[in-house]
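J.: Can you read through this structure? Questions will come right after.
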Amino acid sequence: QNRVQILGVPFSTLTFEETLHKLEQDLRGTTPRHIITANPEIVMLAREDAAFMALLQDVELITPDGIGAVWASKYYGHALHDRVTGVELSTALIEHCAENGHGVFLLGASPQSNALAVQNLRHRYPNLRIDGRDGYFKETDLPEIKAAVRGFQPSLLLVGLGVPRQELFISKHKSELNVPVSIGVGGCIDIFAG
Ligand code: UDP
């Protein structure tokens, strides 16, 4: 329910406010949830890659990041109301985390960009518990990365490793990492770096 299939991708029909409200509840939960803000790149990749399409069917929430999906949904009889972009959604959730004592972990982008993003967000939200780690790690660094995330016990994990690496990462590791809300955010960490 609350979904419409567009080119095989199950998009959430929740508005931005409804999505935010739902995820604010989920941040307090114990079930790890995977969120995708899907742009056309993701939809096209899923059309070409059956394994990626299968992964998308198991994701808890896929929001329309672009206006294209919102328009396309009209042809399917169920209008998607709103775009829910990665930047807007993650900004609103970070603010909520700052106000409610939830930890935030940024995984991705270059070491410089990651450190700047953490620094900027700390400056903007002095009460925010936040840490991060760059996204240029090797397979052999994975145990250390996972230990860093688990040790920090964030409620929100923003993963910016590019599509589809960030989706594969969340899907593969989410039960082990046990973070209530994980979102693939593409280049958003670079945007927070300013
Ligand atoms: N990135 C990363 N590790 C990699 C490759 C990319 O952390 O091995 C980061 C990159 O620095 C950038 C983000 O992933 O911050 C991807 O940004 P882009 O806008 O290309 O992603 P898209 O949203 O188009 O997938």
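Note on naming: chains are A, B, ... as they come in the structure tokens, residues start from 1 per chain, ligands start from 1 in the order shown.
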Each residue of chain A with at least one atom at most 7 Å from ligand 1 should appear once, together with its nearest atom pair and the corresponding distance in Å (one decimal); atoms considered: only C-alpha atoms and all ligand atoms; ordering: chain, then increasing residue number; output as CSV.
T.:
```
residue,atom,partner,partner_atom_place_in_ligand_line,distance
A:Gly108,CA,ligand 1,7 (O),3.8
A:Ala109,CA,ligand 1,11 (O),3.4
A:Ser110,CA,ligand 1,11 (O),5.1
A:Asp134,CA,ligand 1,7 (O),6.0
A:Gly135,CA,ligand 1,7 (O),3.2
A:Tyr136,CA,ligand 1,3 (N),4.6
A:Gly160,CA,ligand 1,14 (O),4.7
A:Leu161,CA,ligand 1,14 (O),3.5
A:Gly162,CA,ligand 1,25 (O),3.5
A:Val163,CA,ligand 1,25 (O),4.0
A:Val185,CA,ligand 1,23 (O),6.5
A:Gly186,CA,ligand 1,23 (O),3.3
A:Gly187,CA,ligand 1,17 (O),3.6
A:Cys188,CA,ligand 1,15 (O),6.8
A:Ile189,CA,ligand 1,15 (O),5.9
A:Asp190,CA,ligand 1,15 (O),5.3
```
J.: As a ChimeraX atom specification, please: the residues near Leu121 (chain A) (cut-off 10 Å, only C-alpha atoms, same-chain neighbours under 4 positions excluded).
T.: /A:91,94-95,98,116-117,125-131,192-193
J.: To one decimal place, how far is CA of Lys146 (chain A) from CA of Pro180 (chain A) in Å?
T.: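 A separation of 14.9 Å between them.
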J.: Compare A:Leu89, A:Ala69, A:Leu107, A:Leu27 by their minimum atom-to-atom distance to Phe137 (chain A), counting only C-alpha atoms, and give me the closest one.
T.: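 Distance minimum relative to Phe137 (chain A) lands on A:Leu107.
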J.: CA of Asp82 (chain A) and CA of Leu157 (chain A) are how many Å apart?
T.: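 Going from CA of Asp82 (chain A) over to CA of Leu157 (chain A) covers 23.3 Å.
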J.: Calculated over only C-alpha atoms, which of the candidates A:Glu48, A:Asp26, A:Glu60, A:Glu144 has the smallest distance to Ser12 (chain A)?
T.: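 For Ser12 (chain A), the nearest of the candidates is A:Glu60.
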